[in-house]
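Text of my_file-v1.pdb (PDB, C-alpha atoms and all ligand atoms) as supplied:
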```
ATOM      1  CA  MET A  18      23.230   1.419 -61.931
ATOM      2  CA  SER A  19      24.549  -1.572 -59.973
ATOM      3  CA  ASP A  20      22.937  -5.013 -60.363
ATOM      4  CA  SER A  21      21.478  -4.875 -56.845
ATOM      5  CA  LYS A  22      19.965  -1.409 -57.447
ATOM      6  CA  LEU A  23      18.449  -2.665 -60.690
ATOM      7  CA  GLU A  24      17.008  -5.689 -58.923
ATOM      8  CA  GLU A  25      15.483  -3.462 -56.241
ATOM      9  CA  LEU A  26      13.955  -1.268 -58.949
ATOM     10  CA  GLU A  27      12.406  -4.330 -60.603
ATOM     11  CA  ILE A  28      11.021  -5.525 -57.270
ATOM     12  CA  ARG A  29       9.453  -2.106 -56.691
ATOM     13  CA  LEU A  30       7.878  -2.177 -60.165
ATOM     14  CA  LEU A  31       6.512  -5.663 -59.502
ATOM     15  CA  LEU A  32       5.041  -4.698 -56.115
ATOM     16  CA  GLU A  33       3.564  -1.500 -57.557
ATOM     17  CA  ALA A  34       1.955  -3.507 -60.382
ATOM     18  CA  VAL A  35       0.524  -6.076 -57.931
ATOM     19  CA  PHE A  36      -0.908  -3.280 -55.804
ATOM     20  CA  GLU A  37      -2.404  -1.386 -58.791
ATOM     21  CA  LYS A  38      -3.984  -4.460 -60.330
ATOM     22  CA  TYR A  39      -5.018  -6.533 -57.299
ATOM     23  CA  GLY A  40      -4.919  -4.193 -54.286
ATOM     24  CA  TYR A  41      -2.463  -6.403 -52.381
ATOM     25  CA  ASP A  42       0.026  -3.988 -50.901
ATOM     26  CA  PHE A  43       3.499  -5.351 -50.217
ATOM     27  CA  ARG A  44       5.208  -2.073 -51.138
ATOM     28  CA  ASP A  45       6.242  -1.215 -47.587
ATOM     29  CA  TYR A  46       7.170  -4.705 -46.481
ATOM     30  CA  ALA A  47      10.723  -5.247 -45.285
ATOM     31  CA  MET A  48      12.717  -5.432 -48.530
ATOM     32  CA  ALA A  49      15.100  -8.230 -47.507
ATOM     33  CA  SER A  50      12.328 -10.689 -46.718
ATOM     34  CA  VAL A  51      10.203  -9.759 -49.774
ATOM     35  CA  ARG A  52      13.268 -10.168 -52.006
ATOM     36  CA  ARG A  53      14.091 -13.556 -50.515
ATOM     37  CA  ARG A  54      10.569 -14.813 -51.133
ATOM     38  CA  ILE A  55      10.382 -13.448 -54.682
ATOM     39  CA  LEU A  56      13.703 -15.055 -55.604
ATOM     40  CA  SER A  57      12.698 -18.414 -54.145
ATOM     41  CA  PHE A  58       9.376 -18.229 -56.054
ATOM     42  CA  MET A  59      11.321 -17.582 -59.272
ATOM     43  CA  GLU A  60      13.644 -20.480 -58.609
ATOM     44  CA  ILE A  61      10.754 -22.912 -58.024
ATOM     45  CA  HIS A  62       8.963 -21.737 -61.186
ATOM     46  CA  LYS A  63      12.158 -21.485 -63.248
ATOM     47  CA  ILE A  64      11.757 -17.793 -63.966
ATOM     48  CA  GLU A  65      15.071 -16.081 -64.573
ATOM     49  CA  LYS A  66      14.322 -12.380 -64.311
ATOM     50  CA  ILE A  67      11.934 -10.291 -62.250
ATOM     51  CA  SER A  68      11.013  -8.491 -65.476
ATOM     52  CA  GLU A  69       9.748 -11.860 -66.785
ATOM     53  CA  LEU A  70       7.752 -12.444 -63.621
ATOM     54  CA  ILE A  71       5.818  -9.155 -63.872
ATOM     55  CA  PRO A  72       3.663 -10.053 -66.942
ATOM     56  CA  LEU A  73       3.085 -13.565 -65.591
ATOM     57  CA  VAL A  74       1.758 -12.238 -62.290
ATOM     58  CA  LEU A  75      -0.344  -9.609 -64.083
ATOM     59  CA  HIS A  76      -1.900 -11.826 -66.753
ATOM     60  CA  ASN A  77      -1.998 -15.318 -65.284
ATOM     61  CA  LYS A  78      -4.375 -15.689 -62.329
ATOM     62  CA  LYS A  79      -2.913 -19.064 -61.339
ATOM     63  CA  THR A  80       0.618 -17.636 -61.158
ATOM     64  CA  PHE A  81      -0.726 -14.669 -59.220
ATOM     65  CA  ASN A  82      -2.429 -16.894 -56.626
ATOM     66  CA  LEU A  83       0.747 -18.936 -56.147
ATOM     67  CA  PHE A  84       2.780 -15.740 -55.937
ATOM     68  CA  ILE A  85       0.554 -14.255 -53.213
ATOM     69  CA  LYS A  86       0.688 -17.528 -51.338
ATOM     70  CA  ARG A  87       4.492 -17.419 -51.419
ATOM     71  CA  LEU A  88       4.699 -13.778 -50.441
ATOM     72  CA  SER A  89       2.484 -14.063 -47.417
ATOM     73  CA  ILE A  90       3.820 -16.286 -44.677
ATOM     74  CA  THR A  91       0.898 -18.128 -43.078
ATOM     75  CA  VAL A  92       2.747 -20.430 -40.704
ATOM     76  CA  THR A  93       0.810 -20.776 -37.462
ATOM     77  CA  GLU A  94      -0.129 -23.280 -34.759
ATOM     78  CA  MET A  95      -2.611 -23.801 -31.923
ATOM     79  CA  PHE A  96      -1.604 -22.241 -28.609
ATOM     80  CA  ARG A  97       1.599 -20.930 -30.227
ATOM     81  CA  ASP A  98       3.877 -19.725 -27.397
ATOM     82  CA  PRO A  99       1.713 -21.369 -24.702
ATOM     83  CA  PHE A 100       3.030 -19.002 -22.008
ATOM     84  CA  VAL A 101       1.211 -16.150 -23.767
ATOM     85  CA  TYR A 102      -2.168 -17.901 -23.380
ATOM     86  CA  LYS A 103      -1.313 -18.778 -19.787
ATOM     87  CA  PHE A 104      -0.548 -15.130 -19.127
ATOM     88  CA  ILE A 105      -3.822 -14.033 -20.689
ATOM     89  CA  ARG A 106      -5.725 -16.594 -18.653
ATOM     90  CA  GLU A 107      -4.095 -15.406 -15.441
ATOM     91  CA  ASN A 108      -3.897 -11.654 -16.022
ATOM     92  CA  VAL A 109      -6.388 -10.513 -18.644
ATOM     93  CA  ILE A 110      -9.433 -12.770 -18.332
ATOM     94  CA  ASP A 111     -10.593 -11.424 -14.964
ATOM     95  CA  ILE A 112     -10.564  -7.883 -16.342
ATOM     96  CA  LEU A 113     -12.484  -8.966 -19.453
ATOM     97  CA  ARG A 114     -14.973 -10.663 -17.148
ATOM     98  CA  THR A 115     -16.059  -7.261 -15.842
ATOM     99  CA  TYR A 116     -17.573  -6.353 -19.243
ATOM    100  CA  PRO A 117     -21.087  -7.498 -20.152
ATOM    101  CA  PHE A 118     -20.048  -8.015 -23.782
ATOM    102  CA  ILE A 119     -16.544  -8.606 -25.143
ATOM    103  CA  LYS A 120     -15.110  -7.984 -28.609
ATOM    104  CA  VAL A 121     -11.888  -9.633 -29.775
ATOM    105  CA  TRP A 122     -10.072  -9.088 -33.071
ATOM    106  CA  HIS A 123      -7.521 -11.541 -34.479
ATOM    107  CA  ALA A 124      -5.764  -9.482 -37.163
ATOM    108  CA  GLY A 125      -3.732 -11.687 -39.522
ATOM    109  CA  CYS A 126      -5.326 -14.898 -38.267
ATOM    110  CA  ALA A 127      -3.939 -17.048 -41.138
ATOM    111  CA  SER A 128      -5.636 -20.487 -41.119
ATOM    112  CA  GLY A 129      -7.277 -19.835 -37.754
ATOM    113  CA  GLU A 130      -5.413 -22.020 -35.255
ATOM    114  CA  GLU A 131      -4.830 -18.964 -33.045
ATOM    115  CA  VAL A 132      -8.534 -18.048 -33.167
ATOM    116  CA  TYR A 133      -9.735 -21.498 -32.089
ATOM    117  CA  SER A 134      -7.119 -21.497 -29.314
ATOM    118  CA  LEU A 135      -8.479 -18.312 -27.812
ATOM    119  CA  ALA A 136     -12.075 -19.489 -28.311
ATOM    120  CA  ILE A 137     -11.228 -22.608 -26.267
ATOM    121  CA  LEU A 138      -9.645 -20.497 -23.531
ATOM    122  CA  LEU A 139     -12.685 -18.179 -23.435
ATOM    123  CA  LYS A 140     -15.012 -21.172 -23.296
ATOM    124  CA  GLU A 141     -13.134 -22.645 -20.353
ATOM    125  CA  GLU A 142     -13.339 -19.308 -18.563
ATOM    126  CA  GLY A 143     -17.077 -19.054 -19.225
ATOM    127  CA  LEU A 144     -16.716 -16.026 -21.501
ATOM    128  CA  LEU A 145     -17.224 -17.411 -24.989
ATOM    129  CA  GLU A 146     -20.986 -16.967 -24.962
ATOM    130  CA  ARG A 147     -20.680 -13.211 -24.478
ATOM    131  CA  THR A 148     -17.732 -12.676 -26.792
ATOM    132  CA  GLN A 149     -17.802 -11.707 -30.452
ATOM    133  CA  ILE A 150     -14.581 -12.706 -32.202
ATOM    134  CA  TYR A 151     -13.536 -11.116 -35.495
ATOM    135  CA  ALA A 152     -10.905 -13.116 -37.354
ATOM    136  CA  THR A 153      -9.382 -11.354 -40.346
ATOM    137  CA  ASP A 154      -6.664 -11.879 -42.911
ATOM    138  CA  PHE A 155      -6.012 -10.608 -46.427
ATOM    139  CA  ASN A 156      -5.198 -14.061 -47.725
ATOM    140  CA  ASN A 157      -8.445 -15.725 -48.804
ATOM    141  CA  ILE A 158      -6.936 -19.195 -49.081
ATOM    142  CA  ALA A 159      -5.847 -19.075 -45.433
ATOM    143  CA  LEU A 160      -9.117 -17.431 -44.402
ATOM    144  CA  ASN A 161     -11.222 -20.185 -46.010
ATOM    145  CA  LYS A 162      -9.212 -22.771 -44.106
ATOM    146  CA  ALA A 163      -9.843 -20.824 -40.919
ATOM    147  CA  LYS A 164     -13.591 -20.799 -41.616
ATOM    148  CA  GLU A 165     -13.621 -24.559 -42.129
ATOM    149  CA  GLY A 166     -11.672 -25.175 -38.932
ATOM    150  CA  ILE A 167     -10.216 -28.414 -40.284
ATOM    151  CA  PHE A 168      -6.615 -29.118 -39.371
ATOM    152  CA  ASP A 169      -4.085 -31.848 -40.077
ATOM    153  CA  ILE A 170      -4.161 -34.563 -37.410
ATOM    154  CA  LYS A 171      -0.387 -34.893 -37.500
ATOM    155  CA  ASN A 172      -0.043 -31.569 -35.650
ATOM    156  CA  ILE A 173      -2.437 -32.477 -32.860
ATOM    157  CA  LYS A 174       0.167 -34.038 -30.599
ATOM    158  CA  LYS A 175       2.134 -30.803 -30.514
ATOM    159  CA  TYR A 176      -1.046 -28.733 -30.112
ATOM    160  CA  SER A 177      -2.110 -30.907 -27.144
ATOM    161  CA  VAL A 178       1.213 -30.256 -25.415
ATOM    162  CA  ASN A 179       0.844 -26.519 -26.136
ATOM    163  CA  TYR A 180      -2.720 -26.599 -24.786
ATOM    164  CA  ARG A 181      -1.594 -28.214 -21.546
ATOM    165  CA  ASP A 182       1.305 -25.734 -21.163
ATOM    166  CA  ALA A 183      -1.150 -22.906 -21.800
ATOM    167  CA  GLY A 184      -3.069 -23.959 -18.682
ATOM    168  CA  GLY A 185      -5.799 -25.888 -20.541
ATOM    169  CA  LYS A 186      -8.395 -27.238 -18.136
ATOM    170  CA  ASP A 187      -9.723 -30.195 -20.097
ATOM    171  CA  SER A 188      -8.369 -32.286 -22.935
ATOM    172  CA  LEU A 189      -7.874 -30.697 -26.343
ATOM    173  CA  SER A 190      -9.695 -33.669 -27.877
ATOM    174  CA  SER A 191     -12.955 -32.479 -26.345
ATOM    175  CA  TYR A 192     -12.934 -29.548 -28.779
ATOM    176  CA  TYR A 193     -12.704 -31.428 -32.087
ATOM    177  CA  HIS A 194     -13.857 -34.510 -33.981
ATOM    178  CA  SER A 195     -11.333 -36.657 -35.835
ATOM    179  CA  LYS A 196     -12.055 -37.728 -39.375
ATOM    180  CA  TYR A 197      -9.451 -39.732 -41.319
ATOM    181  CA  ASP A 198      -6.269 -37.663 -41.151
ATOM    182  CA  SER A 199      -7.938 -34.415 -40.087
ATOM    183  CA  VAL A 200      -9.607 -32.906 -37.082
ATOM    184  CA  MET A 201     -12.651 -30.668 -37.286
ATOM    185  CA  MET A 202     -13.126 -28.033 -34.598
ATOM    186  CA  ASN A 203     -16.498 -28.134 -32.791
ATOM    187  CA  ASN A 204     -19.246 -25.885 -34.082
ATOM    188  CA  GLU A 205     -19.861 -24.407 -30.627
ATOM    189  CA  LEU A 206     -16.430 -22.723 -30.919
ATOM    190  CA  LYS A 207     -17.297 -21.241 -34.316
ATOM    191  CA  LYS A 208     -20.661 -19.833 -33.292
ATOM    192  CA  ASN A 209     -19.374 -16.418 -32.221
ATOM    193  CA  ILE A 210     -16.567 -16.062 -34.742
ATOM    194  CA  THR A 211     -16.919 -13.840 -37.814
ATOM    195  CA  PHE A 212     -14.279 -14.472 -40.480
ATOM    196  CA  ALA A 213     -13.647 -11.597 -42.882
ATOM    197  CA  ASN A 214     -11.144 -10.455 -45.447
ATOM    198  CA  HIS A 215      -9.367  -7.376 -44.137
ATOM    199  CA  ASN A 216      -6.162  -5.733 -45.263
ATOM    200  CA  LEU A 217      -4.372  -4.031 -42.378
ATOM    201  CA  ILE A 218      -2.792  -1.518 -44.701
ATOM    202  CA  THR A 219      -5.682  -0.412 -46.844
ATOM    203  CA  ASP A 220      -8.807  -1.187 -44.809
ATOM    204  CA  THR A 221     -10.321   0.656 -41.868
ATOM    205  CA  VAL A 222     -10.747   0.413 -38.138
ATOM    206  CA  PHE A 223     -12.636  -2.376 -36.325
ATOM    207  CA  GLY A 224     -14.386  -0.454 -33.557
ATOM    208  CA  GLU A 225     -14.581  -0.894 -29.806
ATOM    209  CA  MET A 226     -12.348  -3.921 -29.334
ATOM    210  CA  HIS A 227     -11.488  -5.161 -25.841
ATOM    211  CA  LEU A 228      -8.608  -7.345 -27.043
ATOM    212  CA  ILE A 229      -6.618  -7.381 -30.263
ATOM    213  CA  PHE A 230      -4.330 -10.245 -31.213
ATOM    214  CA  CYS A 231      -1.890  -9.407 -33.982
ATOM    215  CA  ARG A 232       0.893 -11.897 -33.662
ATOM    216  CA  ASN A 233       3.702 -12.529 -36.138
ATOM    217  CA  VAL A 234       2.215 -10.273 -38.801
ATOM    218  CA  MET A 235       4.027  -6.962 -38.407
ATOM    219  CA  ILE A 236       7.417  -8.613 -38.273
ATOM    220  CA  TYR A 237       7.370  -8.403 -42.089
ATOM    221  CA  PHE A 238       6.426  -4.700 -42.182
ATOM    222  CA  ASN A 239       8.854  -1.790 -42.279
ATOM    223  CA  LYS A 240       8.774   0.855 -39.507
ATOM    224  CA  GLU A 241       6.450   3.205 -41.379
ATOM    225  CA  LEU A 242       3.915   0.488 -42.044
ATOM    226  CA  GLN A 243       4.137  -0.741 -38.466
ATOM    227  CA  GLY A 244       3.355   2.797 -37.305
ATOM    228  CA  LYS A 245       0.296   2.910 -39.543
ATOM    229  CA  VAL A 246      -1.021  -0.405 -38.235
ATOM    230  CA  PHE A 247      -0.337   0.492 -34.579
ATOM    231  CA  ASP A 248      -2.386   3.613 -35.154
ATOM    232  CA  LEU A 249      -5.208   1.501 -36.573
ATOM    233  CA  PHE A 250      -5.124  -0.750 -33.490
ATOM    234  CA  ASP A 251      -5.030   2.228 -31.162
ATOM    235  CA  LYS A 252      -8.170   3.591 -32.817
ATOM    236  CA  SER A 253      -9.854   0.176 -32.669
ATOM    237  CA  LEU A 254      -9.278  -0.452 -28.945
ATOM    238  CA  ILE A 255     -11.479   0.791 -26.115
ATOM    239  CA  PRO A 256      -9.700   2.633 -23.260
ATOM    240  CA  ARG A 257      -8.046  -0.051 -21.048
ATOM    241  CA  GLY A 258      -8.217  -2.510 -23.973
ATOM    242  CA  PHE A 259      -5.472  -5.086 -24.560
ATOM    243  CA  LEU A 260      -3.064  -5.642 -27.441
ATOM    244  CA  CYS A 261      -1.112  -8.871 -27.862
ATOM    245  CA  LEU A 262       1.811  -9.003 -30.318
ATOM    246  CA  GLY A 263       4.184 -11.759 -31.471
ATOM    247  CA  SER A 264       7.344 -12.590 -29.546
ATOM    248  CA  LYS A 265       9.569 -10.678 -31.993
ATOM    249  CA  GLU A 266       7.281  -7.642 -32.094
ATOM    250  CA  SER A 267       7.030  -4.805 -29.629
ATOM    251  CA  LEU A 268       5.470  -1.432 -28.914
ATOM    252  CA  LYS A 269       8.930  -0.163 -27.933
ATOM    253  CA  PHE A 270       9.924   2.868 -30.025
ATOM    254  CA  SER A 271       6.503   2.829 -31.673
ATOM    255  CA  THR A 272       4.342   5.922 -32.094
ATOM    256  CA  ILE A 273       1.794   4.677 -29.546
ATOM    257  CA  GLU A 274       4.245   3.410 -26.894
ATOM    258  CA  GLU A 275       3.444   6.230 -24.447
ATOM    259  CA  LYS A 276      -0.247   5.436 -24.434
ATOM    260  CA  TYR A 277       0.227   1.832 -23.302
ATOM    261  CA  ASN A 278       1.260  -0.017 -20.201
ATOM    262  CA  THR A 279       3.427  -3.110 -20.670
ATOM    263  CA  LEU A 280       1.514  -5.842 -18.856
ATOM    264  CA  GLY A 281       3.643  -8.801 -19.929
ATOM    265  CA  LEU A 282       7.042  -7.937 -21.374
ATOM    266  CA  LYS A 283       7.948 -11.444 -22.522
ATOM    267  CA  GLU A 284       4.361 -12.189 -23.527
ATOM    268  CA  ARG A 285       4.058  -8.911 -25.472
ATOM    269  CA  VAL A 286       0.766  -8.016 -23.838
ATOM    270  CA  TYR A 287      -0.016  -4.291 -23.587
ATOM    271  CA  GLN A 288      -2.898  -2.354 -22.062
ATOM    272  CA  LYS A 289      -4.132   0.971 -23.382
ATOM    273  CA  LEU A 290      -4.027   3.611 -20.662
ATOM    274  CA  SER A 291      -7.143   5.611 -21.379
TER     275      SER A 291
HETATM  276  C1  LIG A 301       2.791 -15.776 -39.898
HETATM  277  S1  LIG A 301       1.052 -15.574 -40.027
HETATM  278  C2  LIG A 301       0.602 -15.344 -38.333
HETATM  279  C3  LIG A 301      -0.592 -16.149 -37.935
HETATM  280  C4  LIG A 301      -0.979 -16.047 -36.462
HETATM  281  N1  LIG A 301      -1.304 -14.696 -36.079
HETATM  282  C5  LIG A 301       0.117 -16.584 -35.580
HETATM  283  O1  LIG A 301       0.835 -15.819 -34.931
HETATM  284  O2  LIG A 301       0.292 -17.805 -35.530
HETATM  285  C6  LIG A 301       0.913 -13.933 -40.721
HETATM  286  C7  LIG A 301      -0.440 -13.647 -41.349
HETATM  287  O3  LIG A 301      -0.565 -12.247 -41.579
HETATM  288  C8  LIG A 301      -1.281 -12.055 -42.767
HETATM  289  N2  LIG A 301      -1.010 -10.713 -43.282
HETATM  290  C9  LIG A 301       0.164 -10.210 -43.749
HETATM  291  N3  LIG A 301       0.018  -8.947 -44.192
HETATM  292  C10 LIG A 301      -1.291  -8.637 -43.972
HETATM  293  C11 LIG A 301      -2.067  -7.475 -44.205
HETATM  294  N4  LIG A 301      -1.530  -6.404 -44.756
HETATM  295  N5  LIG A 301      -3.369  -7.494 -43.861
HETATM  296  C12 LIG A 301      -3.931  -8.596 -43.295
HETATM  297  N6  LIG A 301      -3.253  -9.727 -43.070
HETATM  298  C13 LIG A 301      -1.951  -9.750 -43.392
HETATM  299  C14 LIG A 301      -0.779 -13.157 -43.678
HETATM  300  O4  LIG A 301      -1.678 -13.417 -44.746
HETATM  301  C15 LIG A 301      -0.652 -14.329 -42.697
HETATM  302  O5  LIG A 301      -1.774 -15.123 -42.707
END
```

Starting from the file, lay out its structure as structure tokens.
Amino acid sequence: MSDSKLEELEIRLLLEAVFEKYGYDFRDYAMASVRRRILSFMEIHKIEKISELIPLVLHNKKTFNLFIKRLSITVTEMFRDPFVYKFIRENVIDILRTYPFIKVWHAGCASGEEVYSLAILLKEEGLLERTQIYATDFNNIALNKAKEGIFDIKNIKKYSVNYRDAGGKDSLSSYYHSKYDSVMMNNELKKNITFANHNLITDTVFGEMHLIFCRNVMIYFNKELQGKVFDLFDKSLIPRGFLCLGSKESLKFSTIEEKYNTLGLKERVYQKLS
């Protein structure tokens, strides 16, 4: 067996062990990116072999938490890709307005910047009061940050520019309070948001959604896993519901492609046909 085959075998054993013991399923993630992250974790923690990492991850909770943190990429920002929010404001909001009650799901919300961005947009369009937002992730550390809604003040300049480019109608500063080197999002934004742990691979459908955001999550999944998650979204959306993906993700060649209309190609906004 070649060295690279042996390494892949060890990675599979590690991922299988993590799944069996903790229920975190990285087994169908794209191998190249999982491998890169495992090797960088080992370098930082001065672990020489994957076979040495396995017992550490299985028996040492602290190592496990750090390992999960490294394996799941939680990079995010407010109004990321502002043109997407602008597109939603101009092309989706008026359709959502026709419903008496709106349900939105942010799947893979990380630390919540995306969720607060959409809540601000909905507020400005007068829809927040009648919207229930579900914000889910399988990483509890990120999810707790999302619940708190406290972000580093050093990013606010960039977020304010994004907000303006996204067609923001006010000033971003009217949606948070500054405290020392942080900003705390206003409670009125949080009122209709439910934060919950949810694993896209092992957990079930969120019913009757009008809009699902799942941006920059599936990029790390292999084709089979992507298919599984697209199916989950398809089951979770109402007829004529909307799906918004990340800029490197697409419904093209997916199992549900035929059932969706591409509303914004660049923005990756799709509408279910019926
Ligand atoms: C790069 S962040 C994207 C955050 C945000 N959607 C954005 O685009 O800015 C990816 C998030 O997906 C989450 N994630 C990855 N696999 C997941 C899974 N199987 N179930 C739920 N969340 C998952 C990660 O924990 C991480 O917080």

Q) Which residues match the PyMOL selection byres (((chain A and resi 84) around 12) and not hetatm) in the file above, as an MDAnalysis selection string? A) chainID A and resid 31:32 35 41 43 51 54:59 61:62 70:71 73:75 77:83 85:90 156

Q | Hits from the PyMOL selection byres (((chain A and resi 197-214) around 9) and not hetatm), listed as number ranges by chain | A | A: 132-133, 136-137, 140, 145-157, 160-161, 163-171, 173, 191-196, 215-216

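With atom CA of Ile273 of chain A on one side and atom CA of Tyr116 of chain A on the other, the separation reads 24.6 Å.
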
Q | Within 8 Å of segment 243-248 of chain A using all atoms listed in the file, minus same-chain residues under 6 positions, as number ranges by chain | A | A: 217-218, 235, 271-273

Q. Which one of A:Tyr180, A:Tyr46, A:Phe259, A:Phe96 sits closest to Leu228 of chain A if you count only C-alpha atoms?
A.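 Residue with the minimum atom-to-atom distance to Leu228 of chain A: A:Phe259.
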